[in-house]
$ cat model_17.tsv   # TSV, C-alpha atoms
chain	number	residue	atom	x	y	z
A	1	MET	CA	-29.16	7.14	13.29
A	2	SER	CA	-26.95	7.73	10.27
A	3	THR	CA	-25.82	10.96	8.74
A	4	GLY	CA	-28.06	10.46	5.75
A	5	HIS	CA	-25.33	11.06	3.20
A	6	ASP	CA	-25.04	9.18	-0.07
A	7	HIS	CA	-23.23	5.87	0.19
A	8	GLY	CA	-21.51	6.28	-3.14
A	9	ILE	CA	-19.82	3.53	-5.09
A	10	VAL	CA	-16.18	3.10	-4.16
A	11	THR	CA	-14.04	3.66	-7.22
A	12	ALA	CA	-10.38	3.09	-7.92
A	13	GLY	CA	-8.56	5.19	-10.46
A	14	HIS	CA	-5.22	5.27	-12.20
A	15	GLU	CA	-5.94	2.17	-14.30
A	16	LYS	CA	-4.40	3.44	-17.54
A	17	PRO	CA	-0.96	4.16	-16.01
A	18	LEU	CA	-1.02	0.69	-14.45
A	19	TRP	CA	-1.63	-0.88	-17.88
A	20	TRP	CA	1.26	1.08	-19.43
A	21	ALA	CA	3.61	0.21	-16.58
A	22	LEU	CA	2.61	-3.46	-16.80
A	23	GLY	CA	3.26	-3.59	-20.55
A	24	LEU	CA	6.69	-1.96	-20.28
A	25	THR	CA	7.80	-4.05	-17.32
A	26	ALA	CA	6.61	-7.39	-18.72
A	27	THR	CA	8.30	-6.71	-22.05
A	28	PHE	CA	11.66	-5.92	-20.47
A	29	LEU	CA	11.46	-8.73	-17.92
A	30	VAL	CA	12.12	-11.35	-20.60
A	31	ALA	CA	15.21	-9.51	-21.83
A	32	GLU	CA	16.56	-9.07	-18.30
A	33	VAL	CA	16.13	-12.74	-17.36
A	34	VAL	CA	17.89	-13.88	-20.54
A	35	GLY	CA	20.60	-11.27	-20.01
A	36	GLY	CA	21.13	-12.29	-16.39
A	37	LEU	CA	21.59	-15.93	-17.37
A	38	LEU	CA	23.95	-15.10	-20.23
A	39	THR	CA	26.10	-12.74	-18.16
A	40	ASN	CA	25.97	-14.94	-15.02
A	41	SER	CA	25.21	-11.88	-12.88
A	42	LEU	CA	23.36	-12.48	-9.60
A	43	ALA	CA	22.82	-8.75	-9.21
A	44	LEU	CA	21.16	-8.65	-12.62
A	45	LEU	CA	19.10	-11.74	-11.83
A	46	SER	CA	18.09	-10.18	-8.52
A	47	ASP	CA	16.97	-7.10	-10.43
A	48	ALA	CA	15.10	-9.38	-12.85
A	49	ALA	CA	13.44	-11.13	-9.90
A	50	HIS	CA	12.29	-7.78	-8.58
A	51	MET	CA	11.04	-6.87	-12.03
A	52	GLY	CA	9.15	-10.18	-12.10
A	53	THR	CA	7.44	-9.24	-8.85
A	54	ASP	CA	6.73	-5.85	-10.43
A	55	VAL	CA	4.81	-7.62	-13.19
A	56	ILE	CA	2.83	-9.69	-10.68
A	57	ALA	CA	2.26	-6.65	-8.46
A	58	LEU	CA	1.00	-4.54	-11.35
A	59	ALA	CA	-1.31	-7.34	-12.49
A	60	ILE	CA	-2.67	-7.72	-8.93
A	61	SER	CA	-3.13	-3.95	-8.73
A	62	LEU	CA	-5.15	-3.95	-11.94
A	63	VAL	CA	-7.37	-6.77	-10.67
A	64	ALA	CA	-7.84	-4.86	-7.41
A	65	VAL	CA	-8.72	-1.68	-9.32
A	66	ARG	CA	-11.37	-3.46	-11.39
A	67	LEU	CA	-12.87	-5.30	-8.43
A	68	GLY	CA	-12.77	-2.12	-6.36
A	69	ARG	CA	-15.10	-0.48	-8.88
A	70	ARG	CA	-17.84	-3.00	-8.26
A	71	PRO	CA	-20.77	-1.48	-6.37
A	72	PRO	CA	-21.96	-2.76	-2.98
A	73	ASP	CA	-24.38	-5.68	-3.15
A	74	ALA	CA	-26.47	-7.80	-0.80
A	75	ARG	CA	-23.46	-9.93	0.22
A	76	ARG	CA	-20.76	-7.22	0.30
A	77	THR	CA	-22.45	-4.09	1.55
A	78	TYR	CA	-19.23	-2.06	1.46
A	79	GLY	CA	-18.34	-3.25	-2.03
A	80	TYR	CA	-14.81	-4.40	-2.88
A	81	ALA	CA	-12.79	-1.43	-1.62
A	82	ARG	CA	-10.52	-3.63	0.48
A	83	MET	CA	-9.18	-5.39	-2.59
A	84	GLU	CA	-6.50	-2.70	-2.69
A	85	ALA	CA	-5.27	-3.73	0.77
A	86	ILE	CA	-5.32	-7.41	-0.22
A	87	GLY	CA	-3.34	-6.56	-3.35
A	88	ALA	CA	-0.79	-4.61	-1.30
A	89	LEU	CA	-0.49	-7.53	1.14
A	90	VAL	CA	0.25	-9.98	-1.70
A	91	ASN	CA	2.78	-7.57	-3.21
A	92	GLY	CA	4.59	-7.23	0.09
A	93	GLY	CA	4.70	-10.99	0.55
A	94	LEU	CA	6.24	-11.43	-2.89
A	95	LEU	CA	8.93	-8.87	-2.13
A	96	PHE	CA	9.85	-10.72	1.07
A	97	LEU	CA	10.20	-14.01	-0.82
A	98	VAL	CA	12.37	-12.45	-3.53
A	99	ALA	CA	14.64	-10.77	-0.98
A	100	ALA	CA	15.05	-14.06	0.92
A	101	TYR	CA	15.95	-15.93	-2.28
A	102	ILE	CA	18.55	-13.35	-3.31
A	103	LEU	CA	20.18	-13.39	0.14
A	104	TRP	CA	20.33	-17.19	0.07
A	105	GLU	CA	21.87	-17.30	-3.41
A	106	ALA	CA	24.41	-14.64	-2.50
A	107	VAL	CA	25.84	-16.78	0.31
A	108	GLY	CA	27.04	-19.39	-2.20
A	109	ARG	CA	28.55	-16.74	-4.46
A	110	PHE	CA	30.58	-15.25	-1.63
A	111	ARG	CA	32.29	-18.64	-1.25
A	112	GLU	CA	33.00	-19.08	-4.96
A	113	PRO	CA	32.50	-15.88	-6.99
A	114	PRO	CA	31.77	-16.89	-10.60
A	115	PRO	CA	32.91	-14.89	-13.65
A	116	VAL	CA	30.51	-12.14	-14.73
A	117	ALA	CA	30.06	-10.63	-18.21
A	118	SER	CA	30.10	-7.07	-16.93
A	119	THR	CA	29.60	-5.28	-20.28
A	120	GLY	CA	26.34	-7.09	-21.03
A	121	MET	CA	25.33	-6.64	-17.41
A	122	LEU	CA	25.87	-2.87	-17.70
A	123	VAL	CA	23.88	-2.49	-20.93
A	124	ILE	CA	20.90	-4.52	-19.68
A	125	ALA	CA	20.84	-2.73	-16.31
A	126	ALA	CA	20.86	0.66	-18.07
A	127	LEU	CA	17.88	-0.35	-20.22
A	128	GLY	CA	16.12	-1.63	-17.09
A	129	LEU	CA	16.70	1.69	-15.37
A	130	ILE	CA	14.99	3.52	-18.24
A	131	VAL	CA	11.98	1.22	-18.06
A	132	ASN	CA	11.75	1.65	-14.28
A	133	LEU	CA	11.92	5.44	-14.48
A	134	ILE	CA	9.11	5.53	-17.04
A	135	SER	CA	6.96	3.20	-14.90
A	136	MET	CA	7.62	5.28	-11.78
A	137	ARG	CA	6.53	8.41	-13.60
A	138	LEU	CA	3.31	6.70	-14.63
A	139	LEU	CA	2.50	5.46	-11.10
A	140	LYS	CA	3.67	8.40	-8.97
A	141	ALA	CA	0.38	10.34	-9.01
A	142	GLY	CA	-1.68	7.37	-7.85
A	143	SER	CA	0.78	6.28	-5.14
A	144	GLY	CA	-0.43	9.03	-2.82
A	145	ASP	CA	-4.10	8.15	-3.23
A	146	SER	CA	-4.22	4.35	-3.16
A	147	LEU	CA	-2.49	1.78	-0.96
A	148	ASN	CA	-2.75	-0.63	-3.87
A	149	VAL	CA	-1.00	1.69	-6.34
A	150	LYS	CA	1.50	2.59	-3.62
A	151	GLY	CA	2.45	-1.09	-3.41
A	152	ALA	CA	3.04	-1.26	-7.16
A	153	TYR	CA	4.97	2.04	-7.05
A	154	LEU	CA	7.22	0.74	-4.25
A	155	GLU	CA	7.91	-2.39	-6.28
A	156	VAL	CA	9.02	-0.34	-9.29
A	157	TRP	CA	10.90	2.15	-7.12
A	158	SER	CA	12.92	-0.57	-5.41
A	159	ASP	CA	13.63	-2.12	-8.80
A	160	MET	CA	14.82	1.24	-10.12
A	161	LEU	CA	17.34	1.49	-7.28
A	162	GLY	CA	18.33	-2.08	-7.99
A	163	SER	CA	19.08	-1.13	-11.59
A	164	VAL	CA	21.24	1.77	-10.39
A	165	GLY	CA	23.11	-0.63	-8.12
A	166	VAL	CA	23.64	-3.16	-10.90
A	167	ILE	CA	25.07	-0.42	-13.11
A	168	ALA	CA	27.47	0.51	-10.30
A	169	ALA	CA	28.48	-3.12	-9.75
A	170	ALA	CA	29.04	-3.65	-13.48
A	171	ALA	CA	31.21	-0.54	-13.63
A	172	ILE	CA	33.29	-1.78	-10.67
A	173	ILE	CA	33.79	-5.20	-12.27
A	174	LEU	CA	34.74	-3.58	-15.58
A	175	ALA	CA	37.29	-1.35	-13.88
A	176	THR	CA	38.77	-3.75	-11.31
A	177	ASP	CA	37.60	-7.28	-12.22
A	178	TRP	CA	36.37	-7.59	-8.60
A	179	THR	CA	33.46	-10.00	-9.12
A	180	LEU	CA	32.46	-9.95	-5.42
A	181	ALA	CA	30.80	-6.61	-6.20
A	182	ASP	CA	28.00	-8.61	-7.85
A	183	PRO	CA	26.75	-10.63	-4.83
A	184	ILE	CA	27.46	-7.73	-2.45
A	185	LEU	CA	25.21	-5.49	-4.49
A	186	ALA	CA	22.54	-8.22	-4.62
A	187	VAL	CA	22.57	-8.45	-0.80
A	188	LEU	CA	22.35	-4.67	-0.43
A	189	ILE	CA	19.31	-4.58	-2.71
A	190	GLY	CA	17.60	-7.27	-0.65
A	191	LEU	CA	18.36	-5.57	2.68
A	192	TRP	CA	17.23	-2.19	1.38
A	193	VAL	CA	13.88	-3.52	0.19
A	194	LEU	CA	12.91	-5.41	3.38
A	195	PRO	CA	12.08	-2.48	5.73
A	196	ARG	CA	10.01	-0.74	3.05
A	197	THR	CA	8.20	-3.98	2.40
A	198	TRP	CA	7.44	-4.29	6.10
A	199	THR	CA	5.93	-0.78	6.10
A	200	LEU	CA	3.66	-1.72	3.19
A	201	LEU	CA	2.58	-4.97	4.89
A	202	ARG	CA	1.89	-3.13	8.14
A	203	GLU	CA	-0.32	-0.55	6.40
A	204	ALA	CA	-2.25	-3.22	4.49
A	205	GLY	CA	-2.62	-5.31	7.64
A	206	ASN	CA	-3.97	-2.30	9.54
A	207	VAL	CA	-6.71	-1.87	6.94
A	208	LEU	CA	-7.64	-5.56	6.95
A	209	MET	CA	-7.65	-5.71	10.77
A	210	GLN	CA	-9.94	-2.66	10.90
A	211	GLY	CA	-7.31	-0.61	12.71
A	212	VAL	CA	-7.68	3.12	13.24
A	213	PRO	CA	-6.56	4.90	10.04
A	214	PRO	CA	-3.08	6.48	10.28
A	215	GLY	CA	-3.25	10.13	11.25
A	216	LEU	CA	-6.66	9.88	12.92
A	217	ASP	CA	-6.58	10.65	16.66
A	218	LEU	CA	-9.54	8.80	18.15
A	219	GLU	CA	-9.24	10.61	21.48
A	220	ALA	CA	-9.38	13.95	19.65
A	221	VAL	CA	-12.58	12.73	17.99
A	222	ARG	CA	-14.00	11.82	21.41
A	223	ARG	CA	-13.09	15.24	22.83
A	224	THR	CA	-14.68	17.00	19.86
A	225	ILE	CA	-17.98	15.21	20.44
A	226	LEU	CA	-17.91	15.70	24.22
A	227	ALA	CA	-17.17	19.41	23.77
A	228	ARG	CA	-20.83	19.92	22.91
A	229	GLY	CA	-22.70	21.05	25.99
A	230	ASP	CA	-25.67	18.75	25.30
A	231	VAL	CA	-23.57	15.55	25.10
A	232	ALA	CA	-23.29	13.62	28.36
A	233	GLU	CA	-21.32	10.58	27.23
A	234	VAL	CA	-19.62	8.96	24.25
A	235	HIS	CA	-19.15	5.20	23.95
A	236	ASP	CA	-18.74	2.47	21.34
A	237	LEU	CA	-16.49	4.76	19.32
A	238	HIS	CA	-14.94	2.83	16.44
A	239	ALA	CA	-12.97	3.97	13.39
A	240	TRP	CA	-11.52	1.93	10.57
A	241	ALA	CA	-10.80	2.22	6.86
A	242	LEU	CA	-12.48	0.53	3.91
A	243	ALA	CA	-9.45	1.47	1.83
A	244	SER	CA	-6.33	3.56	2.36
A	245	LYS	CA	-8.17	6.87	1.91
A	246	GLN	CA	-11.70	6.00	3.06
A	247	PRO	CA	-12.20	6.28	6.85
A	248	VAL	CA	-15.41	5.08	8.48
A	249	LEU	CA	-16.62	5.89	12.00
A	250	THR	CA	-19.45	4.73	14.24
A	251	VAL	CA	-20.30	6.10	17.69
A	252	HIS	CA	-23.02	6.08	20.36
A	253	VAL	CA	-23.76	9.51	21.83
A	254	VAL	CA	-25.74	9.94	25.07
A	255	LEU	CA	-27.50	13.31	25.32
A	256	LYS	CA	-28.31	15.12	28.55
A	257	ARG	CA	-31.79	15.84	27.24
A	258	VAL	CA	-33.40	14.13	24.28
A	259	ASP	CA	-35.96	15.75	22.05
A	260	GLY	CA	-36.65	14.46	18.54
A	261	ASP	CA	-35.72	17.68	16.77
A	262	ASP	CA	-32.82	18.42	19.11
A	263	ALA	CA	-31.39	14.91	18.70
A	264	GLU	CA	-31.46	15.27	14.91
A	265	ALA	CA	-29.77	18.68	15.11
A	266	VAL	CA	-27.06	17.30	17.41
A	267	ARG	CA	-26.48	14.34	15.13
A	268	ARG	CA	-26.08	16.54	12.06
A	269	SER	CA	-23.85	18.96	13.91
A	270	ILE	CA	-21.52	16.16	15.09
A	271	ALA	CA	-21.39	14.63	11.61
A	272	GLU	CA	-20.48	17.98	10.07
A	273	ALA	CA	-17.77	18.59	12.69
A	274	LEU	CA	-16.22	15.16	12.08
A	275	GLU	CA	-16.14	15.78	8.34
A	276	ASP	CA	-14.72	19.31	8.67
A	277	LEU	CA	-12.10	18.55	11.33
A	278	PHE	CA	-11.11	14.98	10.51
A	279	GLY	CA	-12.22	14.40	6.91
A	280	ILE	CA	-14.56	11.55	7.89
A	281	GLU	CA	-17.51	11.49	5.52
A	282	HIS	CA	-18.87	8.03	6.29
A	283	VAL	CA	-20.25	8.40	9.85
A	284	THR	CA	-22.97	6.52	11.72
A	285	ILE	CA	-24.16	8.15	14.95
A	286	GLN	CA	-26.57	6.51	17.36
A	287	VAL	CA	-28.19	9.09	19.65
A	288	GLU	CA	-29.39	7.82	23.04
A	289	SER	CA	-31.08	9.16	26.15
A	290	ALA	CA	-29.08	6.73	28.30
A	291	ALA	CA	-26.15	4.41	27.74
A	292	CYS	CA	-27.02	1.05	26.16
A	293	GLY	CA	-27.73	-1.66	28.71
A	294	GLY	CA	-24.54	-2.83	30.37
A	295	GLU	CA	-22.42	-0.47	28.23
A	296	SER	CA	-22.22	2.59	30.44
A	297	GLY	CA	-18.69	3.88	30.30
A	298	HIS	CA	-17.73	1.41	27.54
A	299	ARG	CA	-15.11	2.97	25.31
$ encode --input "model_17.tsv" --output "structure tokens"
Amino acid sequence: MSTGHDHGIVTAGHEKPLWWALGLTATFLVAEVVGGLLTNSLALLSDAAHMGTDVIALAISLVAVRLGRRPPDARRTYGYARMEAIGALVNGGLLFLVAAYILWEAVGRFREPPPVASTGMLVIAALGLIVNLISMRLLKAGSGDSLNVKGAYLEVWSDMLGSVGVIAAAAIILATDWTLADPILAVLIGLWVLPRTWTLLREAGNVLMQGVPPGLDLEAVRRTILARGDVAEVHDLHAWALASKQPVLTVHVVLKRVDGDDAEAVRRSIAEALEDLFGIEHVTIQVESAACGGESGHR
């Protein structure tokens, strides 16, 4: 027995800021790659590599947004809401690859530090910082609502810090001619990004593996249902997320006494309590007079 609420179309917002951020980032990426090659700066190239993943991440996010708007159909009854988690997973994988490449390249530069054109490096990094700050401003609002946009925001955020680091490295080289500052900064950028990338991958993986949404205490849900005096048992309690902000729950509830009208009242009451206390709108409740065959006590 379901709650009877409207199974609305899953939508994904924040598309316009994603387009603006993509345009700005893609435009500057070309300049940063050329500048990194001309100045021979690994730190700048590492920042350009991150900006390249920004472009890919933003493009993936836009695809996920558009697919996420598609309504449910006969083959995909929940629609395409999980495209945001898939997009976040791809973004995280790209960040891992970029960080690994930068760390590998830095090893060679520690052995033989090449000359670096620090003035050009400084100018290009400063321009990159401006682009990153604008993109972050555009994406910040959506990062709290969508795992997909959060992935793109993290990409740009890490790149912004990379730009700050490149500026610092360029200033050090200008002042002291200590070119080792370039690969050291590149390594620090890579090591800083990895744990945040792991967090993003873990969140996306939890959605795709139908894990319990973060912040939802399943035992508290069980206690809330059992607190009703007419409920004898709760089993087959499952909770997962279609997307980062869209929890779904199913449960079998065994009543002490079953009457058609009473069962419907209990079902509605439980559904309302789950929405009010836990913010779960998409609930399916099966009301029973006895536990399903062979499932008594199944959790």
$ atom_distance --input "model_17.tsv" --atom1 "atom CA of Ser289 of chain A" --atom2 "atom CA of Lys256 of chain A"
7.0 Å
$ residues_near_point --input "model_17.tsv" --point "(17.2, -9.2, 3.3)" --cutoff "7 Å" --atoms "all atoms listed in the file" --output "JSON, numbers by chain"
{"A": [99, 100, 103, 187, 190, 191, 194]}
$ closest_residue --input "model_17.tsv" --among "A:Leu24, A:Ile189, A:Leu208, A:Ala273" --to "Arg223 of chain A" --atoms "all atoms listed in the file"
A:Ala273
$ closest_residue --input "model_17.tsv" --among "A:Lys16, A:Pro71, A:Gly120, A:Pro114" --to "Leu44 of chain A" --atoms "only C-alpha atoms"
A:Gly120
$ residues_around --input "model_17.tsv" --residues "Thr197 of chain A" --least-positions-apart "5" --cutoff "12 Å" --atoms "only C-alpha atoms" --output "mmCIF file with C-alpha atoms, in the frame of the given file"
data_model
loop_
_atom_site.group_PDB
_atom_site.id
_atom_site.type_symbol
_atom_site.label_atom_id
_atom_site.label_comp_id
_atom_site.auth_asym_id
_atom_site.auth_seq_id
_atom_site.Cartn_x
_atom_site.Cartn_y
_atom_site.Cartn_z
ATOM 1 C CA ALA A 88 -0.790 -4.610 -1.300
ATOM 2 C CA LEU A 89 -0.490 -7.530 1.140
ATOM 3 C CA VAL A 90 0.250 -9.980 -1.700
ATOM 4 C CA ASN A 91 2.780 -7.570 -3.210
ATOM 5 C CA GLY A 92 4.590 -7.230 0.090
ATOM 6 C CA GLY A 93 4.700 -10.990 0.550
ATOM 7 C CA LEU A 94 6.240 -11.430 -2.890
ATOM 8 C CA LEU A 95 8.930 -8.870 -2.130
ATOM 9 C CA PHE A 96 9.850 -10.720 1.070
ATOM 10 C CA LEU A 97 10.200 -14.010 -0.820
ATOM 11 C CA VAL A 98 12.370 -12.450 -3.530
ATOM 12 C CA ALA A 99 14.640 -10.770 -0.980
ATOM 13 C CA LYS A 150 1.500 2.590 -3.620
ATOM 14 C CA GLY A 151 2.450 -1.090 -3.410
ATOM 15 C CA ALA A 152 3.040 -1.260 -7.160
ATOM 16 C CA TYR A 153 4.970 2.040 -7.050
ATOM 17 C CA LEU A 154 7.220 0.740 -4.250
ATOM 18 C CA GLU A 155 7.910 -2.390 -6.280
ATOM 19 C CA TRP A 157 10.900 2.150 -7.120
ATOM 20 C CA SER A 158 12.920 -0.570 -5.410
ATOM 21 C CA GLY A 190 17.600 -7.270 -0.650
ATOM 22 C CA LEU A 191 18.360 -5.570 2.680
ATOM 23 C CA TRP A 192 17.230 -2.190 1.380
ATOM 24 C CA ARG A 202 1.890 -3.130 8.140
ATOM 25 C CA GLU A 203 -0.320 -0.550 6.400
ATOM 26 C CA ALA A 204 -2.250 -3.220 4.490
#
$ closest_residue --input "model_17.tsv" --among "A:Arg69, A:Arg228, A:His238, A:Arg137" --to "Val266 of chain A" --atoms "all atoms listed in the file"
A:Arg228
$ closest_residue --input "model_17.tsv" --among "A:Trp178, A:Gly128, A:Trp198, A:Val164" --to "Val30 of chain A" --atoms "all atoms listed in the file"
A:Gly128
$ residues_around --input "model_17.tsv" --residues "Glu219 of chain A" --least-positions-apart "2" --cutoff "12 Å" --atoms "all atoms listed in the file" --output "list in words"
Val212, Gly215, Leu216, Asp217, Val221, Arg222, Arg223, Thr224, Ile225, Leu226, Val234, His235, Leu237, His238, Ala239, Phe278 and Arg299 of chain A
$ decode --input "model_17.tsv" --residues "segment 256-282 of chain A" --atoms "N, CA and C atoms" --output "PDB file, in the first residue's frame"
ATOM      1  N   LYS A 256      -1.303  -5.123  15.035  1.00  0.00           N
ATOM      2  CA  LYS A 256      -1.854  -6.034  16.039  1.00  0.00           C
ATOM      3  C   LYS A 256      -3.277  -6.446  15.685  1.00  0.00           C
ATOM      4  N   ARG A 257      -3.996  -5.511  15.079  1.00  0.00           N
ATOM      5  CA  ARG A 257      -5.370  -5.798  14.650  1.00  0.00           C
ATOM      6  C   ARG A 257      -5.599  -5.071  13.336  1.00  0.00           C
ATOM      7  N   VAL A 258      -6.102  -5.785  12.352  1.00  0.00           N
ATOM      8  CA  VAL A 258      -6.242  -5.198  11.026  1.00  0.00           C
ATOM      9  C   VAL A 258      -7.706  -5.004  10.692  1.00  0.00           C
ATOM     10  N   ASP A 259      -8.056  -3.796  10.399  1.00  0.00           N
ATOM     11  CA  ASP A 259      -9.370  -3.444   9.873  1.00  0.00           C
ATOM     12  C   ASP A 259      -9.108  -2.529   8.682  1.00  0.00           C
ATOM     13  N   GLY A 260      -9.899  -2.646   7.634  1.00  0.00           N
ATOM     14  CA  GLY A 260      -9.625  -1.889   6.409  1.00  0.00           C
ATOM     15  C   GLY A 260      -9.427  -0.411   6.660  1.00  0.00           C
ATOM     16  N   ASP A 261     -10.370   0.204   7.374  1.00  0.00           N
ATOM     17  CA  ASP A 261     -10.267   1.638   7.633  1.00  0.00           C
ATOM     18  C   ASP A 261      -9.105   1.946   8.568  1.00  0.00           C
ATOM     19  N   ASP A 262      -8.931   1.106   9.597  1.00  0.00           N
ATOM     20  CA  ASP A 262      -7.840   1.333  10.548  1.00  0.00           C
ATOM     21  C   ASP A 262      -6.479   1.213   9.855  1.00  0.00           C
ATOM     22  N   ALA A 263      -6.335   0.201   9.002  1.00  0.00           N
ATOM     23  CA  ALA A 263      -5.070   0.000   8.303  1.00  0.00           C
ATOM     24  C   ALA A 263      -4.717   1.213   7.450  1.00  0.00           C
ATOM     25  N   GLU A 264      -5.743   1.763   6.771  1.00  0.00           N
ATOM     26  CA  GLU A 264      -5.492   2.946   5.936  1.00  0.00           C
ATOM     27  C   GLU A 264      -5.096   4.146   6.787  1.00  0.00           C
ATOM     28  N   ALA A 265      -5.749   4.291   7.952  1.00  0.00           N
ATOM     29  CA  ALA A 265      -5.422   5.403   8.844  1.00  0.00           C
ATOM     30  C   ALA A 265      -4.003   5.267   9.389  1.00  0.00           C
ATOM     31  N   VAL A 266      -3.623   4.040   9.746  1.00  0.00           N
ATOM     32  CA  VAL A 266      -2.261   3.799  10.248  1.00  0.00           C
ATOM     33  C   VAL A 266      -1.239   4.118   9.165  1.00  0.00           C
ATOM     34  N   ARG A 267      -1.510   3.645   7.967  1.00  0.00           N
ATOM     35  CA  ARG A 267      -0.585   3.875   6.855  1.00  0.00           C
ATOM     36  C   ARG A 267      -0.366   5.366   6.626  1.00  0.00           C
ATOM     37  N   ARG A 268      -1.456   6.119   6.584  1.00  0.00           N
ATOM     38  CA  ARG A 268      -1.338   7.560   6.359  1.00  0.00           C
ATOM     39  C   ARG A 268      -0.608   8.248   7.508  1.00  0.00           C
ATOM     40  N   SER A 269      -0.898   7.802   8.706  1.00  0.00           N
ATOM     41  CA  SER A 269      -0.267   8.407   9.874  1.00  0.00           C
ATOM     42  C   SER A 269       1.243   8.169   9.858  1.00  0.00           C
ATOM     43  N   ILE A 270       1.660   6.942   9.518  1.00  0.00           N
ATOM     44  CA  ILE A 270       3.091   6.629   9.456  1.00  0.00           C
ATOM     45  C   ILE A 270       3.767   7.452   8.358  1.00  0.00           C
ATOM     46  N   ALA A 271       3.117   7.532   7.199  1.00  0.00           N
ATOM     47  CA  ALA A 271       3.687   8.287   6.083  1.00  0.00           C
ATOM     48  C   ALA A 271       3.877   9.758   6.451  1.00  0.00           C
ATOM     49  N   GLU A 272       2.882  10.314   7.139  1.00  0.00           N
ATOM     50  CA  GLU A 272       2.982  11.721   7.541  1.00  0.00           C
ATOM     51  C   GLU A 272       4.102  11.925   8.562  1.00  0.00           C
ATOM     52  N   ALA A 273       4.243  10.962   9.492  1.00  0.00           N
ATOM     53  CA  ALA A 273       5.295  11.079  10.505  1.00  0.00           C
ATOM     54  C   ALA A 273       6.680  11.005   9.860  1.00  0.00           C
ATOM     55  N   LEU A 274       6.839  10.116   8.885  1.00  0.00           N
ATOM     56  CA  LEU A 274       8.139   9.979   8.215  1.00  0.00           C
ATOM     57  C   LEU A 274       8.487  11.240   7.419  1.00  0.00           C
ATOM     58  N   GLU A 275       7.484  11.865   6.844  1.00  0.00           N
ATOM     59  CA  GLU A 275       7.747  13.100   6.100  1.00  0.00           C
ATOM     60  C   GLU A 275       8.080  14.247   7.052  1.00  0.00           C
ATOM     61  N   ASP A 276       7.314  14.344   8.161  1.00  0.00           N
ATOM     62  CA  ASP A 276       7.523  15.447   9.098  1.00  0.00           C
ATOM     63  C   ASP A 276       8.843  15.324   9.847  1.00  0.00           C
ATOM     64  N   LEU A 277       9.178  14.114  10.292  1.00  0.00           N
ATOM     65  CA  LEU A 277      10.353  13.919  11.143  1.00  0.00           C
ATOM     66  C   LEU A 277      11.642  13.709  10.366  1.00  0.00           C
ATOM     67  N   PHE A 278      11.523  13.069   9.189  1.00  0.00           N
ATOM     68  CA  PHE A 278      12.735  12.694   8.461  1.00  0.00           C
ATOM     69  C   PHE A 278      12.806  13.283   7.050  1.00  0.00           C
ATOM     70  N   GLY A 279      11.779  13.992   6.623  1.00  0.00           N
ATOM     71  CA  GLY A 279      11.792  14.604   5.297  1.00  0.00           C
ATOM     72  C   GLY A 279      11.682  13.605   4.154  1.00  0.00           C
ATOM     73  N   ILE A 280      11.106  12.432   4.423  1.00  0.00           N
ATOM     74  CA  ILE A 280      10.968  11.399   3.387  1.00  0.00           C
ATOM     75  C   ILE A 280       9.575  11.505   2.783  1.00  0.00           C
ATOM     76  N   GLU A 281       9.497  11.952   1.550  1.00  0.00           N
ATOM     77  CA  GLU A 281       8.208  12.123   0.894  1.00  0.00           C
ATOM     78  C   GLU A 281       7.801  10.893   0.088  1.00  0.00           C
ATOM     79  N   HIS A 282       8.784  10.178  -0.420  1.00  0.00           N
ATOM     80  CA  HIS A 282       8.509   9.028  -1.291  1.00  0.00           C
ATOM     81  C   HIS A 282       8.554   7.754  -0.440  1.00  0.00           C
TER      82      HIS A 282
END
